[in-house]
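Just run01.cif here, mmCIF, C-alpha atoms (C1' of nucleotides):
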```cif
data_data
#
loop_
_atom_site.label_atom_id
_atom_site.label_comp_id
_atom_site.auth_asym_id
_atom_site.auth_seq_id
_atom_site.Cartn_x
_atom_site.Cartn_y
_atom_site.Cartn_z
CA MET A 1 -55.94 -18.44 156.23
CA ALA A 2 -56.89 -16.41 153.19
CA VAL A 3 -57.15 -17.83 149.70
CA GLU A 4 -53.88 -18.75 148.04
CA ARG A 5 -52.63 -16.17 145.62
CA ALA A 6 -52.69 -17.18 141.95
CA ASP A 7 -48.93 -17.14 141.47
CA ALA A 8 -48.47 -19.15 144.63
CA ALA A 9 -50.89 -21.79 143.40
CA ARG A 10 -49.16 -21.95 140.06
CA ASN A 11 -45.80 -22.41 141.71
CA ARG A 12 -47.02 -25.06 144.11
CA HIS A 13 -48.26 -27.01 141.15
CA ALA A 14 -45.06 -26.52 139.19
CA ILE A 15 -42.99 -27.70 142.13
CA LEU A 16 -45.02 -30.86 142.66
CA ARG A 17 -44.84 -31.67 138.98
CA ALA A 18 -41.11 -31.04 138.89
CA ALA A 19 -40.59 -33.28 141.89
CA GLU A 20 -42.58 -36.05 140.24
CA GLU A 21 -40.62 -35.79 137.05
CA LEU A 22 -37.26 -35.84 138.76
CA LEU A 23 -38.35 -38.75 140.89
CA ALA A 24 -39.31 -40.72 137.82
CA GLN A 25 -36.16 -39.77 135.99
CA HIS A 26 -33.51 -40.32 138.65
CA GLY A 27 -34.19 -42.60 141.58
CA PRO A 28 -35.33 -41.44 145.01
CA GLU A 29 -32.58 -39.93 147.22
CA ARG A 30 -31.02 -38.48 144.13
CA VAL A 31 -33.58 -35.70 144.02
CA SER A 32 -32.36 -32.56 145.74
CA LEU A 33 -34.60 -29.61 146.43
CA ASP A 34 -32.20 -27.41 144.51
CA ALA A 35 -32.91 -29.54 141.46
CA VAL A 36 -36.64 -29.47 142.07
CA ALA A 37 -36.60 -25.69 142.33
CA ALA A 38 -34.53 -25.34 139.17
CA ARG A 39 -36.76 -27.66 137.21
CA ALA A 40 -39.87 -25.91 138.40
CA GLY A 41 -38.36 -22.61 137.27
CA VAL A 42 -38.64 -21.26 140.77
CA GLY A 43 -36.30 -20.05 143.49
CA LYS A 44 -35.26 -22.39 146.23
CA GLY A 45 -36.83 -20.19 148.86
CA THR A 46 -40.19 -20.71 147.22
CA VAL A 47 -39.97 -24.44 147.63
CA PHE A 48 -39.28 -24.09 151.32
CA ARG A 49 -41.92 -21.43 151.81
CA ARG A 50 -44.49 -23.76 150.30
CA PHE A 51 -43.57 -27.08 151.85
CA GLY A 52 -41.46 -26.27 154.88
CA ASN A 53 -38.83 -28.88 154.16
CA ARG A 54 -37.97 -31.96 152.21
CA THR A 55 -40.29 -34.09 154.28
CA GLY A 56 -43.20 -31.74 153.67
CA LEU A 57 -42.76 -31.90 149.93
CA PHE A 58 -42.84 -35.66 149.76
CA GLN A 59 -45.68 -35.90 152.22
CA GLU A 60 -47.73 -33.62 150.06
CA LEU A 61 -46.87 -35.58 146.95
CA LEU A 62 -47.93 -38.80 148.61
CA ALA A 63 -51.08 -37.21 149.97
CA GLU A 64 -51.99 -36.13 146.47
CA ARG A 65 -51.58 -39.62 145.08
CA ALA A 66 -53.43 -41.15 147.99
CA ALA A 67 -56.33 -38.72 148.03
CA ARG A 68 -58.64 -40.81 145.91
CA LEU A 69 -58.16 -43.90 148.04
CA GLY A 70 -58.70 -41.83 151.15
CA GLU A 71 -62.08 -40.65 149.93
CA ALA A 72 -63.02 -44.12 148.83
CA ILE A 73 -62.51 -45.59 152.27
CA ASP A 74 -64.26 -42.74 154.04
CA SER A 75 -67.30 -42.35 151.89
CA GLY A 76 -67.07 -44.46 148.75
CA PRO A 77 -69.17 -47.49 147.93
CA PRO A 78 -68.57 -50.85 149.61
CA PRO A 79 -66.58 -52.98 149.91
CA LEU A 80 -63.95 -50.24 150.22
CA GLY A 81 -66.26 -47.71 151.81
CA PRO A 82 -68.58 -48.10 154.80
CA GLY A 83 -71.26 -50.73 154.61
CA ALA A 84 -69.42 -53.93 153.90
CA ALA A 85 -68.28 -56.42 156.54
CA PRO A 86 -65.06 -55.32 158.26
CA THR A 87 -63.06 -58.27 156.97
CA GLU A 88 -64.15 -57.58 153.44
CA ARG A 89 -63.33 -53.93 153.85
CA ILE A 90 -59.87 -54.48 155.18
CA LEU A 91 -59.00 -56.96 152.47
CA SER A 92 -60.17 -54.71 149.70
CA PHE A 93 -58.34 -51.79 151.27
CA LEU A 94 -55.09 -53.74 151.37
CA ASP A 95 -55.65 -54.73 147.79
CA GLU A 96 -56.03 -51.14 146.69
CA LEU A 97 -53.06 -50.12 148.72
CA ALA A 98 -50.98 -52.75 146.96
CA ASP A 99 -51.91 -51.25 143.63
CA LEU A 100 -51.13 -47.78 144.83
CA ALA A 101 -47.80 -48.86 146.28
CA ALA A 102 -46.79 -50.75 143.19
CA LYS A 103 -47.55 -47.74 141.01
CA ASN A 104 -45.59 -45.38 143.23
CA ILE A 105 -42.58 -47.31 144.37
CA THR A 106 -40.16 -44.50 143.76
CA LEU A 107 -42.27 -41.96 145.55
CA ILE A 108 -42.73 -44.26 148.50
CA ALA A 109 -39.03 -44.85 148.77
CA ALA A 110 -38.31 -41.12 148.65
CA HIS A 111 -41.03 -40.47 151.17
CA GLU A 112 -39.68 -43.05 153.59
CA GLN A 113 -36.22 -41.67 153.30
CA ALA A 114 -37.39 -38.10 153.81
CA CYS A 115 -39.69 -38.88 156.71
CA ALA A 116 -37.19 -41.18 158.35
CA ALA A 117 -38.05 -41.31 162.01
CA ASP A 118 -41.35 -39.50 161.63
CA LYS A 119 -42.81 -42.22 159.49
CA HIS A 120 -45.66 -42.77 161.90
CA GLN A 121 -46.45 -39.07 162.11
CA ASP A 122 -47.16 -38.71 158.44
CA PRO A 123 -50.83 -37.78 157.89
CA THR A 124 -51.36 -40.21 155.06
CA TYR A 125 -49.83 -43.06 157.00
CA ARG A 126 -51.89 -42.21 160.04
CA ARG A 127 -55.06 -42.17 158.04
CA TRP A 128 -54.34 -45.61 156.69
CA HIS A 129 -53.34 -46.89 160.07
CA ASP A 130 -56.41 -45.51 161.77
CA HIS A 131 -58.60 -47.09 159.16
CA VAL A 132 -57.00 -50.48 159.50
CA VAL A 133 -56.94 -50.35 163.28
CA GLY A 134 -60.62 -49.50 163.44
CA LEU A 135 -61.51 -52.48 161.32
CA ILE A 136 -59.22 -54.86 163.19
CA LYS A 137 -60.86 -53.88 166.44
CA GLN A 138 -64.23 -54.81 165.04
CA ILE A 139 -63.01 -58.15 163.83
CA ARG A 140 -60.78 -59.16 166.69
CA PRO A 141 -61.33 -56.93 169.70
CA GLU A 142 -58.81 -58.83 171.79
CA ALA A 143 -55.89 -58.36 169.39
CA ASP A 144 -53.21 -55.68 169.65
CA ALA A 145 -54.79 -53.76 166.80
CA GLU A 146 -52.34 -50.90 166.82
CA PHE A 147 -49.34 -53.17 166.45
CA LEU A 148 -51.01 -55.44 163.96
CA GLY A 149 -52.01 -52.44 161.90
CA HIS A 150 -48.41 -51.32 161.65
CA LEU A 151 -47.33 -54.79 160.62
CA MET A 152 -49.90 -54.98 157.88
CA LEU A 153 -48.88 -51.60 156.53
CA GLY A 154 -45.30 -52.76 156.80
CA SER A 155 -46.03 -54.84 153.72
CA PHE A 156 -45.91 -51.66 151.70
CA ASP A 157 -42.41 -50.63 152.59
CA GLY A 158 -40.80 -49.26 149.44
CA GLU A 159 -37.84 -51.57 149.28
CA LEU A 160 -39.97 -54.60 150.00
CA VAL A 161 -42.55 -53.70 147.39
CA ARG A 162 -39.82 -53.31 144.84
CA ARG A 163 -38.40 -56.73 145.58
CA ILE A 164 -41.68 -58.55 145.66
CA THR A 165 -43.36 -56.96 142.67
CA GLY A 166 -40.08 -57.08 140.78
CA GLN A 167 -40.24 -60.83 140.95
CA GLY A 168 -43.86 -61.83 140.82
CA GLY A 169 -45.71 -58.61 140.04
CA VAL A 170 -48.45 -56.94 142.02
CA GLY A 171 -50.23 -60.26 142.20
CA ARG A 172 -47.57 -61.68 144.44
CA LEU A 173 -47.76 -58.69 146.73
CA LYS A 174 -51.52 -58.88 146.96
CA ALA A 175 -51.53 -62.60 147.56
CA GLY A 176 -48.99 -62.36 150.34
CA VAL A 177 -50.73 -59.51 152.06
CA ARG A 178 -54.10 -61.15 151.74
CA SER A 179 -52.96 -64.43 153.17
CA LEU A 180 -51.25 -62.72 156.06
CA ALA A 181 -54.26 -60.57 156.83
CA THR A 182 -56.62 -63.50 156.58
CA ALA A 183 -54.50 -65.56 158.91
CA ALA A 184 -54.08 -62.78 161.42
CA LEU A 185 -57.76 -61.92 161.50
CA SER A 186 -59.40 -65.30 161.71
CA MET B 1 -5.35 -60.98 153.87
CA ALA B 2 -2.63 -60.68 156.47
CA VAL B 3 -3.19 -60.22 160.17
CA GLU B 4 -4.44 -56.80 161.26
CA ARG B 5 -1.72 -54.59 162.60
CA ALA B 6 -1.86 -53.85 166.32
CA ASP B 7 -2.58 -50.15 165.97
CA ALA B 8 -5.28 -50.87 163.43
CA ALA B 9 -6.98 -53.29 165.78
CA ARG B 10 -6.80 -50.82 168.62
CA ASN B 11 -8.31 -48.10 166.48
CA ARG B 12 -11.09 -50.29 165.14
CA HIS B 13 -12.07 -51.03 168.69
CA ALA B 14 -11.84 -47.41 169.76
CA ILE B 15 -14.04 -46.35 166.85
CA LEU B 16 -16.73 -48.89 167.59
CA ARG B 17 -16.78 -47.92 171.22
CA ALA B 18 -16.94 -44.22 170.37
CA ALA B 19 -19.82 -44.83 168.01
CA GLU B 20 -21.70 -46.74 170.70
CA GLU B 21 -21.17 -44.01 173.24
CA LEU B 22 -22.29 -41.24 170.93
CA LEU B 23 -25.29 -43.26 169.89
CA ALA B 24 -26.32 -43.71 173.50
CA GLN B 25 -25.67 -40.09 174.33
CA HIS B 26 -27.30 -38.30 171.42
CA GLY B 27 -29.97 -40.02 169.35
CA PRO B 28 -29.36 -41.78 166.07
CA GLU B 29 -28.93 -39.45 163.03
CA ARG B 30 -27.21 -36.99 165.25
CA VAL B 31 -24.01 -39.00 165.18
CA SER B 32 -21.62 -37.80 162.50
CA LEU B 33 -18.50 -39.68 161.56
CA ASP B 34 -16.48 -36.57 162.34
CA ALA B 35 -17.73 -36.82 165.88
CA VAL B 36 -17.01 -40.54 166.08
CA ALA B 37 -13.47 -39.97 164.86
CA ALA B 38 -12.89 -37.16 167.32
CA ARG B 39 -14.25 -39.15 170.22
CA ALA B 40 -12.18 -42.17 169.29
CA GLY B 41 -9.10 -39.93 169.21
CA VAL B 42 -8.50 -40.86 165.63
CA GLY B 43 -8.40 -39.12 162.26
CA LYS B 44 -11.43 -39.15 160.06
CA GLY B 45 -9.54 -40.98 157.33
CA THR B 46 -9.01 -43.85 159.69
CA VAL B 47 -12.70 -44.32 160.22
CA PHE B 48 -13.29 -44.53 156.49
CA ARG B 49 -10.30 -46.77 155.89
CA ARG B 50 -11.68 -49.19 158.48
CA PHE B 51 -15.36 -49.20 157.65
CA GLY B 52 -15.66 -47.82 154.15
CA ASN B 53 -18.55 -45.53 154.93
CA ARG B 54 -21.27 -44.70 157.39
CA THR B 55 -23.27 -47.75 156.46
CA GLY B 56 -20.30 -50.03 157.03
CA LEU B 57 -19.75 -48.71 160.51
CA PHE B 58 -23.29 -49.28 161.66
CA GLN B 59 -23.48 -52.65 159.97
CA GLU B 60 -20.42 -53.74 161.86
CA LEU B 61 -21.80 -52.44 165.11
CA LEU B 62 -25.02 -54.33 164.59
CA ALA B 63 -23.14 -57.45 163.54
CA GLU B 64 -21.19 -57.29 166.77
CA ARG B 65 -24.31 -57.07 168.88
CA ALA B 66 -26.01 -59.80 166.91
CA ALA B 67 -23.09 -62.21 166.87
CA ARG B 68 -24.18 -64.19 169.89
CA LEU B 69 -27.68 -64.71 168.56
CA GLY B 70 -26.24 -65.72 165.22
CA GLU B 71 -24.17 -68.46 166.77
CA ALA B 72 -27.06 -69.60 168.89
CA ILE B 73 -29.31 -70.20 165.91
CA ASP B 74 -26.60 -71.90 163.88
CA SER B 75 -25.16 -74.20 166.46
CA GLY B 76 -26.54 -73.50 169.90
CA PRO B 77 -28.84 -75.76 171.89
CA PRO B 78 -32.54 -76.11 171.03
CA PRO B 79 -35.05 -74.60 170.87
CA LEU B 80 -33.03 -71.75 169.34
CA GLY B 81 -30.47 -73.98 167.66
CA PRO B 82 -31.00 -77.01 165.44
CA GLY B 83 -32.93 -79.92 166.84
CA ALA B 84 -36.23 -78.46 167.93
CA ALA B 85 -39.37 -78.41 165.83
CA PRO B 86 -39.36 -75.59 163.26
CA THR B 87 -42.30 -73.80 164.80
CA GLU B 88 -40.68 -73.85 168.17
CA ARG B 89 -37.43 -72.63 166.70
CA ILE B 90 -38.95 -69.73 164.86
CA LEU B 91 -40.93 -68.60 167.87
CA SER B 92 -37.95 -68.67 170.16
CA PHE B 93 -35.88 -66.88 167.55
CA LEU B 94 -38.41 -64.09 167.26
CA ASP B 95 -38.50 -63.88 171.02
CA GLU B 96 -34.77 -63.43 171.24
CA LEU B 97 -34.81 -60.94 168.43
CA ALA B 98 -37.39 -58.91 170.31
CA ASP B 99 -35.06 -58.74 173.29
CA LEU B 100 -32.16 -57.78 171.09
CA ALA B 101 -34.17 -55.12 169.31
CA ALA B 102 -35.54 -53.65 172.50
CA LYS B 103 -32.05 -53.38 173.95
CA ASN B 104 -30.64 -51.72 170.86
CA ILE B 105 -33.35 -49.43 169.63
CA THR B 106 -31.03 -46.54 168.99
CA LEU B 107 -28.54 -48.63 167.09
CA ILE B 108 -31.27 -50.16 164.99
CA ALA B 109 -32.65 -46.77 164.13
CA ALA B 110 -29.21 -45.50 163.15
CA HIS B 111 -28.57 -48.63 161.18
CA GLU B 112 -31.81 -48.33 159.26
CA GLN B 113 -31.15 -44.74 158.48
CA ALA B 114 -27.61 -45.45 157.32
CA CYS B 115 -28.49 -48.50 155.26
CA ALA B 116 -31.56 -46.86 153.77
CA ALA B 117 -32.27 -48.62 150.52
CA ASP B 118 -29.79 -51.41 151.12
CA LYS B 119 -31.66 -52.68 154.12
CA HIS B 120 -32.10 -56.09 152.59
CA GLN B 121 -28.45 -56.33 151.62
CA ASP B 122 -27.18 -56.06 155.14
CA PRO B 123 -25.41 -59.27 156.17
CA THR B 124 -27.03 -59.43 159.57
CA TYR B 125 -30.49 -58.89 158.16
CA ARG B 126 -29.90 -61.51 155.48
CA ARG B 127 -28.79 -64.01 158.02
CA TRP B 128 -31.94 -63.51 160.03
CA HIS B 129 -34.07 -63.59 156.95
CA ASP B 130 -32.48 -66.75 155.63
CA HIS B 131 -32.99 -68.41 158.95
CA VAL B 132 -36.64 -67.49 159.16
CA VAL B 133 -37.32 -68.36 155.54
CA GLY B 134 -35.79 -71.79 155.94
CA LEU B 135 -38.01 -72.54 158.89
CA ILE B 136 -41.14 -71.19 157.25
CA LYS B 137 -40.55 -73.43 154.27
CA GLN B 138 -40.44 -76.43 156.53
CA ILE B 139 -43.64 -75.47 158.27
CA ARG B 140 -45.68 -74.21 155.35
CA PRO B 141 -44.05 -75.16 152.06
CA GLU B 142 -46.84 -73.57 150.04
CA ALA B 143 -46.49 -70.11 151.59
CA ASP B 144 -44.50 -67.22 150.10
CA ALA B 145 -41.75 -67.71 152.64
CA GLU B 146 -39.53 -64.95 151.38
CA PHE B 147 -42.23 -62.32 151.67
CA LEU B 148 -43.54 -63.63 154.95
CA GLY B 149 -40.02 -63.61 156.34
CA HIS B 150 -39.65 -59.94 155.55
CA LEU B 151 -42.97 -59.18 157.17
CA MET B 152 -42.04 -60.97 160.35
CA LEU B 153 -38.74 -59.14 160.54
CA GLY B 154 -40.64 -55.96 159.84
CA SER B 155 -41.83 -56.19 163.42
CA PHE B 156 -38.38 -55.10 164.51
CA ASP B 157 -38.30 -51.82 162.67
CA GLY B 158 -36.67 -49.27 164.96
CA GLU B 159 -39.47 -46.76 165.09
CA LEU B 160 -42.07 -49.44 165.62
CA VAL B 161 -40.12 -51.11 168.38
CA ARG B 162 -39.78 -47.80 170.13
CA ARG B 163 -43.49 -47.14 170.00
CA ILE B 164 -44.57 -50.57 171.06
CA THR B 165 -42.09 -51.18 173.84
CA GLY B 166 -42.48 -47.58 174.97
CA GLN B 167 -46.06 -48.33 175.79
CA GLY B 168 -46.23 -51.91 176.91
CA GLY B 169 -42.61 -53.00 177.25
CA VAL B 170 -40.88 -55.87 175.52
CA GLY B 171 -43.71 -58.11 176.56
CA ARG B 172 -46.10 -56.34 174.25
CA LEU B 173 -43.68 -56.65 171.35
CA LYS B 174 -43.14 -60.34 171.99
CA ALA B 175 -46.82 -61.06 172.36
CA GLY B 176 -47.69 -59.29 169.14
CA VAL B 177 -44.97 -60.97 167.15
CA ARG B 178 -45.79 -64.35 168.58
CA SER B 179 -49.46 -64.10 167.81
CA LEU B 180 -48.78 -62.94 164.29
CA ALA B 181 -46.28 -65.71 163.67
CA THR B 182 -48.54 -68.32 165.13
CA ALA B 183 -51.45 -67.19 163.00
CA ALA B 184 -49.40 -67.02 159.84
CA LEU B 185 -47.84 -70.42 160.33
CA SER B 186 -50.79 -72.53 161.34
"C1'" DA C 1 -56.31 3.79 136.24
"C1'" DG C 2 -53.71 4.60 140.42
"C1'" DT C 3 -52.13 3.41 145.04
"C1'" DC C 4 -50.93 0.52 148.67
"C1'" DT C 5 -49.24 -3.43 151.09
"C1'" DA C 6 -48.78 -7.92 152.58
"C1'" DA C 7 -47.90 -12.13 150.38
"C1'" DG C 8 -44.72 -14.05 147.66
"C1'" DC C 9 -40.31 -14.42 145.39
"C1'" DG C 10 -35.35 -15.78 144.35
"C1'" DG C 11 -30.93 -16.87 144.97
"C1'" DA C 12 -26.87 -15.87 147.69
"C1'" DC C 13 -25.33 -17.53 152.04
"C1'" DT C 14 -24.42 -20.69 156.04
"C1'" DG C 15 -23.51 -24.89 158.40
"C1'" DT C 16 -23.07 -29.69 158.31
"C1'" DC C 17 -21.54 -33.82 156.80
"C1'" DA C 18 -19.94 -37.85 153.87
"C1'" DG C 19 -16.29 -39.16 151.56
"C1'" DT C 20 -11.33 -38.31 149.26
"C1'" DC C 21 -6.42 -37.35 149.04
"C1'" DC C 22 -1.82 -37.36 150.03
"C1'" DG C 23 2.26 -36.32 152.75
"C1'" DT C 24 3.80 -38.34 157.22
"C1'" DT C 25 4.30 -41.94 160.72
"C1'" DT C 26 4.85 -46.53 162.55
"C1'" DG C 27 4.42 -51.63 163.41
"C1'" DA C 28 6.49 -55.72 162.17
"C1'" DC C 29 9.72 -58.39 160.15
"C1'" DT C 30 14.68 -59.11 158.90
"C1'" DA D 1 19.32 -50.60 162.62
"C1'" DG D 2 17.00 -50.70 158.25
"C1'" DT D 3 13.16 -51.35 155.25
"C1'" DC D 4 8.59 -50.58 153.58
"C1'" DA D 5 3.85 -51.44 153.17
"C1'" DA D 6 0.17 -50.63 156.00
"C1'" DA D 7 -1.95 -47.26 158.53
"C1'" DC D 8 -2.62 -42.59 159.93
"C1'" DG D 9 -4.73 -37.81 160.23
"C1'" DG D 10 -6.73 -33.86 159.05
"C1'" DA D 11 -7.23 -30.49 155.38
"C1'" DC D 12 -10.06 -30.37 151.41
"C1'" DT D 13 -14.09 -31.00 148.21
"C1'" DG D 14 -18.73 -31.28 146.80
"C1'" DA D 15 -23.46 -31.74 147.82
"C1'" DC D 16 -27.27 -30.49 150.06
"C1'" DA D 17 -30.87 -28.76 153.59
"C1'" DG D 18 -32.46 -24.94 155.33
"C1'" DT D 19 -32.25 -19.51 156.28
"C1'" DC D 20 -32.39 -14.63 155.22
"C1'" DC D 21 -33.59 -10.44 153.38
"C1'" DG D 22 -34.09 -6.97 149.83
"C1'" DC D 23 -37.00 -6.86 145.66
"C1'" DT D 24 -41.41 -7.77 143.07
"C1'" DT D 25 -46.23 -8.18 142.31
"C1'" DA D 26 -51.08 -9.76 142.85
"C1'" DG D 27 -55.03 -8.03 143.85
"C1'" DA D 28 -57.95 -5.23 147.03
"C1'" DC D 29 -59.65 -0.88 147.63
"C1'" DT D 30 -60.43 3.82 145.95
#
```
Write the structure described by the file as structure tokens, please.
Amino acid sequence: MAVERADAARNRHAILRAAEELLAQHGPERVSLDAVAARAGVGKGTVFRRFGNRTGLFQELLAERAARLGEAIDSGPPPLGPGAAPTERILSFLDELADLAAKNITLIAAHEQACAADKHQDPTYRRWHDHVVGLIKQIRPEADAEFLGHLMLGSFDGELVRRITGQGGVGRLKAGVRSLATAALS
Amino acid sequence: MAVERADAARNRHAILRAAEELLAQHGPERVSLDAVAARAGVGKGTVFRRFGNRTGLFQELLAERAARLGEAIDSGPPPLGPGAAPTERILSFLDELADLAAKNITLIAAHEQACAADKHQDPTYRRWHDHVVGLIKQIRPEADAEFLGHLMLGSFDGELVRRITGQGGVGRLKAGVRSLATAALS
DNA sequence: AGTCTAAGCGGACTGTCAGTCCGTTTGACT
DNA sequence: AGTCAAACGGACTGACAGTCCGCTTAGACT
């Protein structure tokens, strides 16, 4: 794959920005790709050429927002990155994820809606899941790590995050997740 | 509200049956209300008059399938119904729910998709959640029962149930849920 | 600077579907 | 048999995802 042409790069950026803005302005669901294209000052075909479909757009948006956390867990300093004890790592990861989720509720909701059945196929989700599963296996090799991993990440469902943080703030979310994880891993 | 007219009752039934059949035949998502109406031998307007919208139809379908379990927890014999120790009740409830979910994966998926953001508003879901929350409060009054309740019910997400039971059967689902619940409640 | 061409563009077009509307039919009650 | 509100049905609307294809242009090469 050759280098992206300059105009293509500019448009990709404009589209992502437009999508963000519309997401912030109206709720999720209420953002159509027609509107995104219009706001980005770009033809509809361009949006689809770039991102394939609605799902692709929101996946990319989420990936962008999650990139920093992804690097941190792969190669950042402990306790998030390698080096710390698994339990410590998983707890700090869940903590960070809570922050991320709370800051991006609308995006998460849109993403869930767009991905629908493919939720578990999404690269960002998989990365998180793989990370969590790996750590669970170290802590409790006999547990059903795959399942437990999904349940832990289930805490960050868009609708749920909205409800919980809406009445209790991020602190409530973090506390709940932490106590669940602690219980499940000890 | 007067008694339902005979033709209306007949049609309601025909529509629910048609929806079930189409759901079983094609996947979720791929069932349009046009198709349901056609299959039920009924006009499209009738479907909407009866159920309001897509969400209403699937909610009703789920409510129908969940009715028996609902009665059992409200007034059936222990350990599901009142009388048993809370921990025992919650574990047997989750067990039953796992069976129900495994038997109705397609419906659950369709229901989730149709309800989308209103997931937590759905009467059936609320009933389950209320039940679980009440029991959690008895067992661990200091816990965030509301949040924990959502997490436990999160185990029955359509996509997740498909994955887990698809590779390990209902037993795997039950075991995972049980171990999580036990850990979180002790 | 001029030429070439594949990558990129845009927006009209299609197909699908949820939900509405309104003229027609019918069950139920007298 | 007569009445009429409830119920019916299917044409219609509006919105949107995704496709298609003729036109434009970045940028490589001379």
Atomic separation - atom CA of B:Ala116 relative to atom CA of A:Ala35, Å:
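If I compute the distance from atom CA of A:Ala35 to atom CA of B:Ala116, I get 21.3 Å.
Near chain D, within 10 Å and counting only C-alpha atoms (C1' of nucleotides), the residues of chain A are Arg5, Ala6, Asp7, Ala8, Ser32, Leu33, Asp34, Lys44, Gly45, Phe48, Gly52, Asn53 and Arg54 of chain A.
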Take atom CA of A:Asn104 and atom CA of A:Arg30 and report the distance between them in Å, one decimal.
16.1 Å
Calculate how many Å separate atom CA of B:Phe147 from atom CA of B:Ile73, rounding to one decimal.
20.8 Å
Distance query A:Leu62 at most 8 Å, only C-alpha atoms (C1' of nucleotides), self and fewer than 2 positions along chain excluded, as number ranges by chain:
A: 58-60, 64-66, 107-108, 111, 124
Residues of chain B within 10 Å of chain A, all atoms listed in the file counted, as a ChimeraX atom specification
/B:28-29,109-110,112-113,116-120,143-148,150-161,163-164,172-173,175-177,179-186
Return as a PyMOL selection string the residues belonging to chain C that are within 10 Å of chain B, counting all atoms listed in the file.
chain C and resi 16-21+26-28
Okay, now the selection with C-alpha atoms (C1' of nucleotides), as an mmCIF file, in the coordinates of the input?
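Wrote again.cif, looks like this:
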```cif
data_model
loop_
_atom_site.group_PDB
_atom_site.id
_atom_site.type_symbol
_atom_site.label_atom_id
_atom_site.label_comp_id
_atom_site.auth_asym_id
_atom_site.auth_seq_id
_atom_site.Cartn_x
_atom_site.Cartn_y
_atom_site.Cartn_z
ATOM 1 C "C1'" DT C 16 -23.070 -29.690 158.310
ATOM 2 C "C1'" DC C 17 -21.540 -33.820 156.800
ATOM 3 C "C1'" DA C 18 -19.940 -37.850 153.870
ATOM 4 C "C1'" DG C 19 -16.290 -39.160 151.560
ATOM 5 C "C1'" DT C 20 -11.330 -38.310 149.260
ATOM 6 C "C1'" DC C 21 -6.420 -37.350 149.040
ATOM 7 C "C1'" DT C 26 4.850 -46.530 162.550
ATOM 8 C "C1'" DG C 27 4.420 -51.630 163.410
ATOM 9 C "C1'" DA C 28 6.490 -55.720 162.170
#
```
Residues within 9 Å of B:Ile90, please, as JSON, numbers by chain. Count only C-alpha atoms (C1' of nucleotides); anything in the same chain fewer than 2 positions from it doesn't count.
{"B": [79, 80, 85, 86, 87, 88, 92, 93, 94, 95, 131, 132, 135, 136, 181]}
Do you know which residues the PyMOL selection byres ((chain B and resi 37) around 12) returns on this file, as a PDB file with C-alpha atoms (C1' of nucleotides), keeping the file's coordinate frame?
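The resulting file, part20.pdb, is reproduced below:
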```pdb
ATOM      1  CA  ASN B  11      -8.310 -48.100 166.480  1.00  0.00           C
ATOM      2  CA  ARG B  12     -11.090 -50.290 165.140  1.00  0.00           C
ATOM      3  CA  HIS B  13     -12.070 -51.030 168.690  1.00  0.00           C
ATOM      4  CA  ALA B  14     -11.840 -47.410 169.760  1.00  0.00           C
ATOM      5  CA  ILE B  15     -14.040 -46.350 166.850  1.00  0.00           C
ATOM      6  CA  LEU B  16     -16.730 -48.890 167.590  1.00  0.00           C
ATOM      7  CA  ARG B  17     -16.780 -47.920 171.220  1.00  0.00           C
ATOM      8  CA  ALA B  18     -16.940 -44.220 170.370  1.00  0.00           C
ATOM      9  CA  ALA B  19     -19.820 -44.830 168.010  1.00  0.00           C
ATOM     10  CA  LEU B  22     -22.290 -41.240 170.930  1.00  0.00           C
ATOM     11  CA  VAL B  31     -24.010 -39.000 165.180  1.00  0.00           C
ATOM     12  CA  SER B  32     -21.620 -37.800 162.500  1.00  0.00           C
ATOM     13  CA  LEU B  33     -18.500 -39.680 161.560  1.00  0.00           C
ATOM     14  CA  ASP B  34     -16.480 -36.570 162.340  1.00  0.00           C
ATOM     15  CA  ALA B  35     -17.730 -36.820 165.880  1.00  0.00           C
ATOM     16  CA  VAL B  36     -17.010 -40.540 166.080  1.00  0.00           C
ATOM     17  CA  ALA B  38     -12.890 -37.160 167.320  1.00  0.00           C
ATOM     18  CA  ARG B  39     -14.250 -39.150 170.220  1.00  0.00           C
ATOM     19  CA  ALA B  40     -12.180 -42.170 169.290  1.00  0.00           C
ATOM     20  CA  GLY B  41      -9.100 -39.930 169.210  1.00  0.00           C
ATOM     21  CA  VAL B  42      -8.500 -40.860 165.630  1.00  0.00           C
ATOM     22  CA  GLY B  43      -8.400 -39.120 162.260  1.00  0.00           C
ATOM     23  CA  LYS B  44     -11.430 -39.150 160.060  1.00  0.00           C
ATOM     24  CA  GLY B  45      -9.540 -40.980 157.330  1.00  0.00           C
ATOM     25  CA  THR B  46      -9.010 -43.850 159.690  1.00  0.00           C
ATOM     26  CA  VAL B  47     -12.700 -44.320 160.220  1.00  0.00           C
ATOM     27  CA  PHE B  48     -13.290 -44.530 156.490  1.00  0.00           C
ATOM     28  CA  ARG B  49     -10.300 -46.770 155.890  1.00  0.00           C
ATOM     29  CA  ARG B  50     -11.680 -49.190 158.480  1.00  0.00           C
ATOM     30  CA  PHE B  51     -15.360 -49.200 157.650  1.00  0.00           C
ATOM     31  CA  ARG B  54     -21.270 -44.700 157.390  1.00  0.00           C
ATOM     32  CA  LEU B  57     -19.750 -48.710 160.510  1.00  0.00           C
TER      33      LEU B  57
ATOM     34  C1'  DG D   9      -4.730 -37.810 160.230  1.00  0.00           C
ATOM     35  C1'  DG D  10      -6.730 -33.860 159.050  1.00  0.00           C
TER      36       DG D  10
END
```
